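**Student:** This is my_file_5.cif, which holds mmCIF, C-alpha atoms and all ligand atoms:
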data_work
loop_
_atom_site.label_atom_id
_atom_site.label_comp_id
_atom_site.auth_asym_id
_atom_site.auth_seq_id
_atom_site.Cartn_x
_atom_site.Cartn_y
_atom_site.Cartn_z
CA MET A 10 8.77 -41.10 61.24
CA ASN A 11 7.69 -44.23 59.38
CA LYS A 12 9.33 -45.83 56.40
CA VAL A 13 7.26 -46.02 53.23
CA PHE A 14 8.17 -47.13 49.71
CA ASN A 15 8.09 -44.47 46.97
CA TRP A 16 8.38 -46.09 43.51
CA GLN A 17 9.08 -42.78 41.79
CA ILE A 18 12.35 -42.29 43.65
CA ASN A 19 12.95 -46.04 43.75
CA ARG A 20 13.57 -46.34 47.49
CA GLU A 21 12.10 -46.26 50.94
CA MET A 22 11.70 -42.83 52.50
CA GLU A 23 10.55 -41.27 55.74
CA TYR A 24 6.93 -40.15 56.07
CA PRO A 25 5.05 -38.99 59.20
CA HIS A 26 2.21 -41.52 58.76
CA ALA A 27 2.15 -45.29 58.31
CA GLU A 28 1.67 -46.73 54.83
CA HIS A 29 -2.02 -46.91 53.90
CA HIS A 30 -3.37 -47.11 50.37
CA PRO A 31 -6.68 -46.62 48.55
CA ASP A 32 -8.33 -49.27 46.32
CA ARG A 33 -7.90 -47.08 43.25
CA GLN A 34 -6.01 -43.89 42.56
CA PHE A 35 -7.04 -40.79 40.63
CA ALA A 36 -4.27 -40.15 38.09
CA PHE A 37 -3.71 -38.25 34.86
CA VAL A 38 -1.27 -37.79 31.98
CA PHE A 39 -0.74 -34.35 30.38
CA ASN A 40 1.06 -34.14 27.04
CA LEU A 41 3.01 -30.87 27.30
CA ASN A 42 3.90 -31.01 23.61
CA ARG A 43 0.30 -30.13 22.87
CA CYS A 44 -0.66 -27.48 25.45
CA ILE A 45 -1.46 -24.15 23.78
CA GLY A 46 -1.89 -22.16 27.00
CA CYS A 47 -5.48 -21.29 26.17
CA GLN A 48 -6.54 -21.48 29.86
CA THR A 49 -9.87 -23.12 29.03
CA CYS A 50 -9.09 -25.69 31.75
CA THR A 51 -8.35 -22.88 34.20
CA MET A 52 -11.68 -21.19 33.53
CA ALA A 53 -13.59 -24.48 33.58
CA CYS A 54 -12.39 -25.07 37.14
CA LYS A 55 -12.85 -21.48 38.26
CA SER A 56 -16.38 -21.20 36.93
CA THR A 57 -17.31 -24.45 38.65
CA TRP A 58 -15.60 -24.31 42.05
CA THR A 59 -13.87 -21.01 42.89
CA PHE A 60 -16.08 -18.13 41.75
CA SER A 61 -17.12 -16.89 45.22
CA LYS A 62 -15.98 -14.21 47.62
CA GLY A 63 -12.55 -14.91 49.06
CA GLN A 64 -11.63 -17.18 46.16
CA GLU A 65 -10.57 -14.42 43.77
CA PHE A 66 -6.90 -15.45 43.78
CA MET A 67 -7.60 -19.15 44.02
CA TRP A 68 -6.82 -21.11 40.83
CA TRP A 69 -7.01 -24.84 41.55
CA ASN A 70 -6.07 -25.41 37.91
CA ASN A 71 -3.46 -23.07 36.50
CA VAL A 72 -1.27 -23.06 33.40
CA GLU A 73 2.07 -21.31 33.80
CA THR A 74 4.76 -20.44 31.27
CA LYS A 75 8.04 -22.09 32.09
CA PRO A 76 10.79 -21.32 32.91
CA TYR A 77 9.95 -17.90 34.40
CA GLY A 78 6.28 -18.26 35.31
CA GLY A 79 4.83 -19.87 38.39
CA TYR A 80 1.71 -19.77 40.52
CA PRO A 81 2.50 -18.79 43.19
CA GLN A 82 5.48 -16.98 41.77
CA SER A 83 8.73 -19.02 41.82
CA TRP A 84 7.13 -21.88 43.81
CA ASP A 85 9.44 -24.53 42.39
CA VAL A 86 12.62 -22.44 42.43
CA LYS A 87 12.00 -21.67 46.10
CA ILE A 88 11.41 -25.24 47.24
CA LEU A 89 14.38 -26.51 45.19
CA LYS A 90 16.53 -23.87 46.87
CA LEU A 91 15.34 -24.90 50.35
CA LEU A 92 16.14 -28.53 49.59
CA GLU A 93 19.57 -27.59 48.28
CA GLU A 94 20.29 -25.58 51.43
CA ALA A 95 19.20 -28.52 53.58
CA ASN A 96 21.42 -30.95 51.66
CA PRO A 97 24.12 -28.99 49.79
CA GLY A 98 25.35 -30.82 46.69
CA GLY A 99 23.46 -33.99 47.62
CA GLN A 100 20.21 -33.66 45.64
CA LYS A 101 21.19 -36.16 42.97
CA TRP A 102 19.89 -39.23 41.11
CA LYS A 103 22.00 -42.35 40.58
CA ASP A 104 20.91 -45.29 38.40
CA GLY A 105 17.23 -44.33 38.67
CA THR A 106 17.30 -43.85 42.45
CA PHE A 107 17.06 -40.48 44.14
CA LYS A 108 19.95 -40.21 46.61
CA GLY A 109 19.07 -36.80 48.01
CA LYS A 110 16.54 -35.73 50.63
CA THR A 111 12.80 -35.42 50.11
CA ILE A 112 10.74 -32.68 51.77
CA PHE A 113 9.94 -35.17 54.56
CA GLU A 114 13.58 -36.08 55.16
CA ALA A 115 14.95 -32.54 54.88
CA GLY A 116 12.21 -30.89 56.91
CA PRO A 117 12.37 -31.80 60.59
CA LYS A 118 16.02 -31.18 61.26
CA ASN A 119 16.84 -28.15 59.21
CA ILE A 120 14.37 -25.32 59.51
CA GLY A 121 14.53 -22.57 62.15
CA ASP A 122 13.86 -23.07 65.85
CA GLU A 123 10.46 -24.66 65.50
CA PRO A 124 10.58 -28.28 64.35
CA GLN A 125 8.68 -28.88 61.11
CA ARG A 126 7.32 -32.18 59.86
CA VAL A 127 7.81 -31.15 56.25
CA LEU A 128 10.18 -28.76 54.54
CA GLY A 129 8.23 -25.88 53.02
CA TYR A 130 7.47 -22.18 53.02
CA LEU A 131 4.46 -19.89 53.02
CA PRO A 132 4.20 -17.78 49.86
CA THR A 133 3.56 -14.06 50.30
CA ASP A 134 0.26 -12.47 49.20
CA GLU A 135 2.09 -10.84 46.26
CA GLU A 136 3.26 -14.22 44.99
CA TRP A 137 -0.34 -15.44 44.58
CA ARG A 138 -1.35 -12.49 42.39
CA PHE A 139 -0.98 -13.93 38.89
CA PRO A 140 -1.81 -17.41 37.63
CA ASN A 141 0.39 -16.97 34.55
CA ILE A 142 2.97 -14.23 35.18
CA TYR A 143 5.63 -13.95 32.44
CA GLU A 144 3.21 -15.45 29.93
CA ASP A 145 5.02 -16.46 26.72
CA ASN A 146 8.38 -15.10 27.92
CA ALA A 147 11.03 -17.23 26.28
CA VAL A 148 14.59 -17.97 27.33
CA GLY A 149 17.00 -16.31 24.92
CA PRO A 150 20.71 -15.54 24.86
CA LYS A 151 22.10 -15.32 28.38
CA GLY A 152 22.01 -11.85 29.93
CA LYS A 153 20.09 -10.24 27.07
CA GLU A 154 16.53 -9.27 27.84
CA SER A 155 13.77 -9.44 25.20
CA SER A 156 16.04 -11.15 22.74
CA TYR A 157 16.22 -14.46 20.94
CA VAL A 158 18.88 -16.63 19.36
CA PRO A 159 18.79 -15.56 15.68
CA GLU A 160 19.99 -18.77 14.06
CA GLY A 161 16.59 -20.47 14.17
CA ALA A 162 15.28 -23.47 16.03
CA LYS A 163 16.21 -27.10 15.53
CA LEU A 164 15.53 -30.25 17.56
CA PRO A 165 16.63 -31.89 19.82
CA GLU A 166 16.91 -28.67 21.84
CA HIS A 167 15.85 -25.14 20.98
CA LYS A 168 18.02 -22.25 22.14
CA THR A 169 15.04 -19.92 22.45
CA TRP A 170 12.29 -21.75 24.27
CA PHE A 171 9.39 -21.76 26.68
CA PHE A 172 6.52 -24.14 27.38
CA TYR A 173 3.18 -24.24 29.16
CA LEU A 174 2.92 -26.28 32.32
CA ALA A 175 -0.68 -27.10 33.26
CA ARG A 176 -1.06 -27.97 36.92
CA ILE A 177 -3.70 -29.19 39.35
CA CYS A 178 -3.35 -30.94 42.71
CA ASN A 179 -1.52 -34.23 42.16
CA HIS A 180 -3.56 -36.15 44.74
CA CYS A 181 -0.24 -37.45 45.96
CA THR A 182 0.29 -40.91 47.42
CA TYR A 183 2.23 -39.33 50.32
CA PRO A 184 0.75 -35.83 50.43
CA GLY A 185 2.83 -33.08 52.02
CA CYS A 186 -0.37 -31.21 52.91
CA LEU A 187 -1.80 -34.17 54.81
CA ALA A 188 1.48 -34.90 56.59
CA ALA A 189 1.78 -31.35 57.92
CA CYS A 190 -1.77 -30.80 59.19
CA PRO A 191 -1.80 -30.68 63.00
CA ARG A 192 -5.61 -31.12 63.05
CA ASN A 193 -5.68 -34.24 60.84
CA ALA A 194 -8.15 -32.33 58.72
CA ILE A 195 -6.77 -33.63 55.41
CA TYR A 196 -7.51 -37.16 54.25
CA LYS A 197 -7.17 -39.41 51.24
CA ARG A 198 -10.37 -41.11 50.13
CA PRO A 199 -10.07 -44.91 50.26
CA GLU A 200 -12.14 -45.39 47.11
CA ASP A 201 -10.10 -43.20 44.71
CA GLY A 202 -7.14 -41.64 46.53
CA VAL A 203 -8.55 -38.13 46.14
CA VAL A 204 -7.05 -35.80 48.77
CA LEU A 205 -9.62 -33.58 50.51
CA VAL A 206 -9.69 -30.98 53.28
CA ASP A 207 -12.38 -31.59 55.93
CA GLN A 208 -13.91 -28.11 56.09
CA GLU A 209 -15.27 -28.73 59.61
CA ARG A 210 -11.93 -29.76 61.10
CA CYS A 211 -9.70 -27.20 59.35
CA ARG A 212 -8.76 -24.20 61.52
CA GLY A 213 -6.75 -22.36 58.89
CA TYR A 214 -3.27 -22.88 60.37
CA ARG A 215 -1.98 -23.00 56.79
CA LYS A 216 0.50 -25.78 57.56
CA CYS A 217 -0.72 -27.50 54.39
CA VAL A 218 -0.14 -24.38 52.30
CA GLU A 219 3.40 -24.29 53.67
CA ALA A 220 4.04 -28.02 53.17
CA CYS A 221 2.56 -28.71 49.73
CA PRO A 222 5.63 -28.43 47.51
CA TYR A 223 3.36 -27.80 44.50
CA LYS A 224 1.45 -25.08 46.39
CA LYS A 225 -1.93 -26.55 45.57
CA ALA A 226 -3.48 -26.13 49.03
CA MET A 227 -4.89 -22.58 49.17
CA TYR A 228 -6.06 -20.43 52.06
CA ARG A 229 -9.39 -18.62 51.78
CA PRO A 230 -9.34 -15.43 53.83
CA SER A 231 -13.13 -14.99 53.86
CA THR A 232 -13.72 -18.29 55.68
CA ARG A 233 -10.24 -18.66 57.23
CA ILE A 234 -9.90 -22.24 56.15
CA THR A 235 -8.03 -24.00 53.37
CA GLU A 236 -9.50 -25.24 50.12
CA LYS A 237 -8.02 -27.22 47.27
CA CYS A 238 -8.79 -29.15 44.09
CA ILE A 239 -11.33 -31.87 44.87
CA ALA A 240 -10.70 -33.82 41.63
CA CYS A 241 -14.33 -33.01 40.74
CA TYR A 242 -15.24 -36.08 42.81
CA PRO A 243 -18.97 -36.00 42.03
CA ARG A 244 -18.00 -36.64 38.40
CA LEU A 245 -15.62 -39.47 39.39
CA GLU A 246 -18.56 -41.00 41.28
CA GLY A 247 -20.73 -40.86 38.17
CA LYS A 248 -23.09 -38.29 39.69
CA ASP A 249 -23.24 -36.19 36.52
CA PRO A 250 -26.37 -37.14 34.57
CA GLU A 251 -24.42 -37.15 31.29
CA THR A 252 -22.68 -40.46 32.01
CA LYS A 253 -25.59 -42.25 33.70
CA GLY A 254 -23.67 -43.45 36.75
CA GLN A 255 -20.33 -44.08 35.01
CA PRO A 256 -17.12 -42.34 36.20
CA MET A 257 -16.48 -39.17 34.25
CA GLU A 258 -13.38 -37.05 33.65
CA THR A 259 -13.08 -33.83 35.66
CA ARG A 260 -14.10 -30.36 34.45
CA CYS A 261 -10.56 -29.22 33.62
CA MET A 262 -9.84 -32.45 31.72
CA ALA A 263 -13.08 -32.45 29.73
CA ALA A 264 -12.65 -28.80 28.68
CA CYS A 265 -9.11 -29.16 27.30
CA ILE A 266 -8.97 -27.61 23.83
CA GLY A 267 -5.45 -28.84 23.05
CA GLN A 268 -6.44 -32.45 23.81
CA ILE A 269 -3.42 -32.76 26.07
CA ARG A 270 -5.22 -34.51 28.93
CA LEU A 271 -6.17 -38.08 29.73
CA GLN A 272 -7.44 -38.91 33.19
CA GLY A 273 -8.21 -42.19 34.84
CA LEU A 274 -8.42 -44.36 37.92
CA VAL A 275 -5.65 -46.92 38.36
CA LYS A 276 -5.86 -50.05 40.49
CA ILE A 277 -3.66 -50.18 43.58
CA ASP A 278 -2.03 -53.29 44.99
CA LYS A 279 -3.01 -52.89 48.64
CA LYS A 280 -0.05 -54.95 49.88
CA THR A 281 2.71 -53.00 48.19
CA GLY A 282 0.92 -49.68 47.60
CA GLU A 283 2.14 -49.77 44.00
CA TRP A 284 -0.06 -49.72 40.92
CA ALA A 285 -1.48 -53.19 40.30
CA GLU A 286 -0.79 -54.59 36.84
CA ASP A 287 -3.53 -53.42 34.48
CA ARG A 288 -1.86 -53.66 31.08
CA TYR A 289 -4.65 -52.15 28.97
CA ASN A 290 -5.60 -49.25 31.22
CA PRO A 291 -4.33 -46.28 29.15
CA ILE A 292 -2.85 -44.44 32.16
CA TYR A 293 -1.08 -47.61 33.33
CA TYR A 294 0.23 -48.15 29.80
CA LEU A 295 1.56 -44.59 29.37
CA VAL A 296 3.25 -44.43 32.79
CA LYS A 297 4.37 -48.00 33.47
CA ILE A 298 4.78 -49.70 30.08
CA ALA A 299 5.63 -46.98 27.53
CA LYS A 300 7.12 -44.82 30.32
CA VAL A 301 6.35 -41.59 28.47
CA GLY A 302 4.35 -40.07 31.37
CA LEU A 303 6.69 -38.78 34.08
CA PRO A 304 5.95 -37.35 37.55
CA LEU A 305 6.50 -33.64 38.24
CA TYR A 306 9.48 -33.15 40.59
CA PRO A 307 9.51 -36.73 41.88
CA GLN A 308 12.44 -35.77 44.13
CA PHE A 309 10.06 -33.84 46.42
CA GLY A 310 8.92 -37.27 47.65
CA THR A 311 5.12 -36.94 47.69
CA GLU A 312 4.68 -39.48 44.85
CA PRO A 313 2.42 -37.22 42.77
CA ASN A 314 -0.22 -38.93 40.62
CA GLY A 315 -0.05 -36.36 37.82
CA PHE A 316 2.25 -37.38 34.94
CA TYR A 317 3.65 -35.41 32.01
CA ILE A 318 4.95 -36.17 28.55
CA PRO A 319 7.86 -33.68 28.51
CA PRO A 320 8.09 -31.01 25.76
CA ARG A 321 10.56 -32.25 23.18
CA TRP A 322 12.24 -28.93 22.31
CA VAL A 323 13.31 -27.94 25.82
CA PRO A 324 16.93 -28.43 27.02
CA ARG A 325 17.22 -31.85 28.63
CA ASP A 326 18.96 -30.68 31.83
CA PHE A 327 16.02 -28.43 32.62
CA LEU A 328 13.58 -31.27 31.99
CA LYS A 329 15.58 -33.78 34.04
CA GLN A 330 15.48 -31.52 37.05
CA MET A 331 11.71 -31.22 36.60
CA PHE A 332 10.71 -34.76 35.63
CA GLY A 333 13.58 -36.98 36.82
CA PRO A 334 15.86 -39.40 35.00
CA GLY A 335 13.23 -40.85 32.60
CA VAL A 336 13.27 -37.79 30.31
CA ASP A 337 15.50 -39.10 27.49
CA HIS A 338 13.51 -42.31 27.13
CA ALA A 339 10.16 -40.47 27.28
CA ILE A 340 11.09 -37.96 24.57
CA ASP A 341 12.75 -40.52 22.31
CA SER A 342 9.67 -42.76 22.52
CA TYR A 343 7.29 -39.87 21.98
CA MET A 344 9.15 -38.55 18.93
CA VAL A 345 9.29 -41.95 17.22
CA PRO A 346 6.27 -43.74 18.68
CA ASP A 347 5.65 -47.42 18.20
CA ARG A 348 2.34 -48.69 16.92
CA GLU A 349 0.66 -49.00 20.32
CA LEU A 350 1.83 -45.64 21.65
CA LEU A 351 0.59 -43.85 18.56
CA ALA A 352 -2.81 -45.52 18.88
CA VAL A 353 -3.17 -44.84 22.63
CA GLN A 354 -2.45 -41.16 22.01
CA GLN A 355 -5.65 -40.98 19.98
CA LEU A 356 -7.67 -41.58 23.18
CA PHE A 357 -6.83 -38.17 24.66
CA ARG A 358 -10.08 -36.18 24.95
CA LYS A 359 -12.22 -38.39 22.76
CA THR A 360 -14.85 -39.06 25.45
CA ASN A 361 -15.96 -37.54 28.75
CA GLN A 362 -16.14 -40.97 30.36
CA ILE A 363 -13.13 -42.43 32.13
CA ILE A 364 -11.55 -45.15 30.01
CA PHE A 365 -10.69 -48.24 32.07
CA ARG A 366 -9.48 -50.48 29.23
CA TYR A 367 -8.52 -50.16 25.60
CA GLU A 368 -8.25 -52.58 22.72
CA LEU A 369 -6.27 -52.28 19.51
CA LYS A 370 -7.42 -53.56 16.11
CA GLU A 371 -4.65 -53.60 13.54
CA GLY A 372 -5.11 -51.69 10.30
CA PRO A 373 -3.06 -51.24 7.09
CA LYS A 374 0.34 -49.58 6.81
CA VAL A 375 -0.16 -46.02 5.54
CA PHE A 376 3.18 -44.26 5.85
CA GLU A 377 6.89 -44.86 6.29
CA THR A 378 9.72 -42.43 6.97
CA GLN A 379 12.84 -41.68 9.04
CA ILE A 380 12.62 -39.41 12.11
CA HIS A 381 16.01 -38.23 13.38
CA GLY A 382 17.61 -41.22 11.72
CA LYS A 383 15.17 -43.74 13.19
CA PRO A 384 12.67 -45.67 11.05
CA PHE A 385 9.02 -44.84 11.69
CA THR A 386 6.06 -46.70 10.27
CA MET A 387 2.46 -45.58 10.65
CA TYR A 388 -0.46 -47.98 10.61
CA ASN A 389 -4.07 -46.93 10.49
CA ASP A 390 -5.01 -48.96 13.56
CA THR A 391 -8.34 -48.63 15.34
CA ILE A 392 -8.40 -48.07 19.09
CA ILE A 393 -11.45 -48.78 21.21
CA GLY A 394 -11.98 -47.53 24.78
CA TYR A 395 -14.28 -49.11 27.38
CA ASN A 396 -15.81 -47.56 30.49
CA GLN A 397 -15.99 -49.05 33.98
CA ALA A 398 -18.97 -51.20 33.04
CA GLY A 399 -17.05 -52.62 30.05
CA LYS A 400 -19.18 -50.73 27.54
CA GLU A 401 -17.55 -49.23 24.44
CA VAL A 402 -17.37 -45.43 24.78
CA VAL A 403 -14.93 -44.49 22.06
CA ARG A 404 -13.71 -45.93 18.76
CA THR A 405 -11.23 -43.97 16.69
CA GLN A 406 -8.42 -44.41 14.19
CA VAL A 407 -4.82 -43.28 13.95
CA GLU A 408 -5.47 -41.53 10.63
CA GLU A 409 -7.95 -38.75 11.23
CA PRO A 410 -10.91 -38.85 8.88
CA PHE A 411 -10.89 -36.09 6.24
CA HIS A 412 -14.23 -34.40 5.61
CA VAL A 413 -14.84 -32.22 2.53
CA ARG A 414 -17.51 -29.62 3.10
CA PRO A 415 -20.16 -29.88 0.40
CA ASN A 416 -20.58 -26.87 -1.90
CA ILE A 417 -23.92 -25.99 -0.40
CA HIS A 418 -22.25 -25.17 2.96
CA GLN A 419 -19.09 -23.55 1.61
CA ASN A 420 -19.63 -20.11 3.07
CA SER A 421 -21.18 -21.11 6.39
CA ILE A 422 -18.97 -20.83 9.46
S1 LIG B 501 -0.24 -31.67 45.30
FE1 LIG B 501 -0.09 -30.63 47.31
S2 LIG B 501 -2.21 -30.29 47.91
FE2 LIG B 501 -2.23 -31.88 46.35
S3 LIG B 501 -2.11 -33.82 47.50
FE3 LIG B 501 -0.03 -33.28 46.88
S4 LIG B 501 0.77 -32.20 48.67
FE4 LIG B 501 -1.48 -32.20 48.89
S1 LIG B 502 -10.03 -31.68 38.90
FE1 LIG B 502 -11.87 -30.38 39.15
S2 LIG B 502 -11.46 -29.28 41.06
FE2 LIG B 502 -9.49 -30.10 40.37
S3 LIG B 502 -8.52 -28.47 39.14
FE3 LIG B 502 -9.67 -29.79 37.73
S4 LIG B 502 -11.70 -28.82 37.54
FE4 LIG B 502 -10.71 -27.99 39.38
S1 LIG B 503 -7.25 -26.36 28.10
FE1 LIG B 503 -5.64 -27.85 27.60
S2 LIG B 503 -4.49 -26.82 25.95
FE2 LIG B 503 -5.68 -25.21 26.96
S3 LIG B 503 -4.27 -24.44 28.56
FE3 LIG B 503 -5.52 -26.05 29.51
S4 LIG B 503 -4.23 -27.89 29.37
FE4 LIG B 503 -3.43 -26.39 27.87
#
Would you write the structure of this file as structure tokens?
**Tutor:**
Amino acid sequence: MNKVFNWQINREMEYPHAEHHPDRQFAFVFNLNRCIGCQTCTMACKSTWTFSKGQEFMWWNNVETKPYGGYPQSWDVKILKLLEEANPGGQKWKDGTFKGKTIFEAGPKNIGDEPQRVLGYLPTDEEWRFPNIYEDNAVGPKGKESSYVPEGAKLPEHKTWFFYLARICNHCTYPGCLAACPRNAIYKRPEDGVVLVDQERCRGYRKCVEACPYKKAMYRPSTRITEKCIACYPRLEGKDPETKGQPMETRCMAACIGQIRLQGLVKIDKKTGEWAEDRYNPIYYLVKIAKVGLPLYPQFGTEPNGFYIPPRWVPRDFLKQMFGPGVDHAIDSYMVPDRELLAVQQLFRKTNQIIFRYELKEGPKVFETQIHGKPFTMYNDTIIGYNQAGKEVVRTQVEEPFHVRPNIHQNSI
């Protein structure tokens, strides 16, 4: 095992391969406060990449209802349980550092007779059946099925709650799938960090399916090899005619009705493997400066490159287990956003092109109030996004324009 640095758990960790980093990294931020569970993203991916024979149960993008839903069923509960069994009582954070064991550290010594490189499990066929089982099932009073807490809902935490968790492959910095493959059939592209399965080399051992803690590597029985989300790489490469050679957001991002998604490419410091400073890249800003975008289960150790703004009504303990110790700060900042955060949020789903830099132009004060006892001031600032070539691709304002339909069109829908 080699030692690599994982910034999300704030320490070095063991990993089967030596440290090696791409020039840029595919990354995204999903705002879970906005997801409406419409599954448009799910169908955008399916109708593009997984509509063929043998792919019927393959959903590279899925949206599950937490806490009960999961695709495959109970994927996160099962891997958390395995980690707990491997390190009883030790899976804890202290001062922003994860003190427990990752899937790479818990794996080799603790599972069965056969040594494993990565802690994991193979889901059963039944567990892959439904992409959104227990849809809209809320948590209510303990022990009472189909019931809710009658006293009504109030922030900061609702007693009856659920939320939608949209998921794709996280194109991890230290992928579990890649680490476990005995054929070295999985690789990370040097130009954008996208994790791909070499279809010629794969022999369908399903070690990746077992090792991906997010269960985003999927076996196709009709070809007997594994397939997974490819981050729509032709679009990242600017191959879609729409953007004339400029990097474009993926299918699932571009289709998002709830405008919860922003996707980008972040620069990587090749020496340290960390994100290079890029202050006005919106993904860099949301994750590293505002710190409202948090990784999903950072304690697994793969350093996922998908980040989430946590849902503000969900009990904090649940969220902390899922998104790590940054939850309080992320929700507090999101609920009472400062001027820049409010403006950057307007960039979500305003263009199909990937935004590499943004600029803020200050506008007048339009509103003032108190939110949970904290002062909040809203300014009608203008935010401008630029593509890779430095060309303006979006210009929008904090205050949405209000259009009145003229009388002549009143009855047309
Ligand atoms: S999410 Fe899973 S399949 Fe995707 S790169 Fe990470 S370990 Fe591999
Ligand atoms: S990035 Fe592309 S391949 Fe991956 S889940 Fe989204 S639509 Fe599917
Ligand atoms: S399209 Fe957007 S809002 Fe709809 S389910 Fe997908 S992530 Fe959620």
**Student:** Ligand LIG 503 (chain B): which residues are within 9 Å, counting all atoms listed in the file? Reply as a CSV table (one decimal) with C-alpha atoms, in the coordinates of the input.
**Tutor:**
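pocket-v6.csv was written with the following content:
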chain,number,residue,atom,x,y,z
A,39,PHE,CA,-0.7,-34.4,30.4
A,40,ASN,CA,1.1,-34.1,27.0
A,41,LEU,CA,3.0,-30.9,27.3
A,43,ARG,CA,0.3,-30.1,22.9
A,44,CYS,CA,-0.7,-27.5,25.4
A,45,ILE,CA,-1.5,-24.2,23.8
A,46,GLY,CA,-1.9,-22.2,27.0
A,47,CYS,CA,-5.5,-21.3,26.2
A,48,GLN,CA,-6.5,-21.5,29.9
A,49,THR,CA,-9.9,-23.1,29.0
A,50,CYS,CA,-9.1,-25.7,31.8
A,51,THR,CA,-8.4,-22.9,34.2
A,52,MET,CA,-11.7,-21.2,33.5
A,53,ALA,CA,-13.6,-24.5,33.6
A,70,ASN,CA,-6.1,-25.4,37.9
A,71,ASN,CA,-3.5,-23.1,36.5
A,72,VAL,CA,-1.3,-23.1,33.4
A,73,GLU,CA,2.1,-21.3,33.8
A,173,TYR,CA,3.2,-24.2,29.2
A,174,LEU,CA,2.9,-26.3,32.3
A,175,ALA,CA,-0.7,-27.1,33.3
A,176,ARG,CA,-1.1,-28.0,36.9
A,261,CYS,CA,-10.6,-29.2,33.6
A,262,MET,CA,-9.8,-32.4,31.7
A,263,ALA,CA,-13.1,-32.4,29.7
A,264,ALA,CA,-12.6,-28.8,28.7
A,265,CYS,CA,-9.1,-29.2,27.3
A,266,ILE,CA,-9.0,-27.6,23.8
A,267,GLY,CA,-5.4,-28.8,23.0
A,268,GLN,CA,-6.4,-32.4,23.8
A,269,ILE,CA,-3.4,-32.8,26.1
A,270,ARG,CA,-5.2,-34.5,28.9
**Student:** Quick one: of A:Lys55, A:Lys216, A:His338, A:Arg358, who's nearest to ligand LIG 502 (chain B), counting all atoms listed in the file?
**Tutor:**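 Selected residue with least distance to ligand LIG 502 (chain B): A:Lys55.
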**Student:** Interatomic distance between atom CA of Gln362 of chain A and atom CA of Ala339 of chain A?
**Tutor:** 26.5 Å
**Student:** Measuring between all atoms listed in the file, which one of A:Lys297, A:Arg244, A:Arg229, A:Lys370 shows the shortest distance to ligand LIG 502 (chain B)?
**Tutor:** A:Arg244
**Student:** Which of these, A:Lys359, A:Arg348, A:His412, A:Arg233, has the shortest distance to Ile393 of chain A once you count only C-alpha atoms?
**Tutor:**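 Residue with the minimum atom-to-atom distance to Ile393 of chain A: A:Lys359.
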**Student:** Each side padded by 4 Å, which centre and which edge lengths in Å (one decimal) define the axis-aligned box around the listed atoms of segment 90-93 of chain A? Give them as AutoDock Vina command-line options.
**Tutor:**
--center_x 17.5 --center_y -26.2 --center_z 48.6 --size_x 12.2 --size_y 12.7 --size_z 11.5
**Student:** Dig up all the protein and nucleic acid residues within 8 Å of (-11.1, -50.0, 19.1) in the file frame, using only C-alpha atoms, and format them as a VMD selection string.
**Tutor:** chain A and resid 367 to 370 391 to 394 403 to 406
**Student:** Would you mind telling me which residue in A:Tyr388, A:Phe172, A:Tyr395, A:Trp284 lies nearest to Pro319 of chain A when using all atoms listed in the file?
**Tutor:**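 With all atoms listed in the file as the atom set, the closest residue is A:Phe172.
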**Student:** So which one's closest to Phe107 of chain A, A:Lys153, A:Arg20, A:His167, A:Lys75? Using all atoms listed in the file, please.
**Tutor:**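 Of the candidates, the smallest distance to Phe107 of chain A is held by A:Arg20.
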**Student:** Let me make sure I understand: among A:Thr232, A:Pro199, A:Ile292, A:Gln308, which one has the smallest atom-to-atom distance to Lys110 of chain A if we use only C-alpha atoms?
**Tutor:**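 Closest residue, counting only C-alpha atoms: A:Gln308.
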**Student:** Pick out the residues sitting within 10 Å of Glu283 of chain A, and hand them over as a list in words; count only C-alpha atoms, and ignore anything fewer than 6 positions along from it in its own chain.
**Tutor:**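 In the requested format, the answer is Phe14, Asn15, Trp16, His30, Thr182, Lys276 and Ile277 of chain A.
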**Student:** Write out as a PyMOL selection string the residues lying within 8 Å of Gln82 of chain A, counting all atoms listed in the file and excluding same-chain residues fewer than 4 positions away.
**Tutor:** chain A and resi 78+136-137+139+142
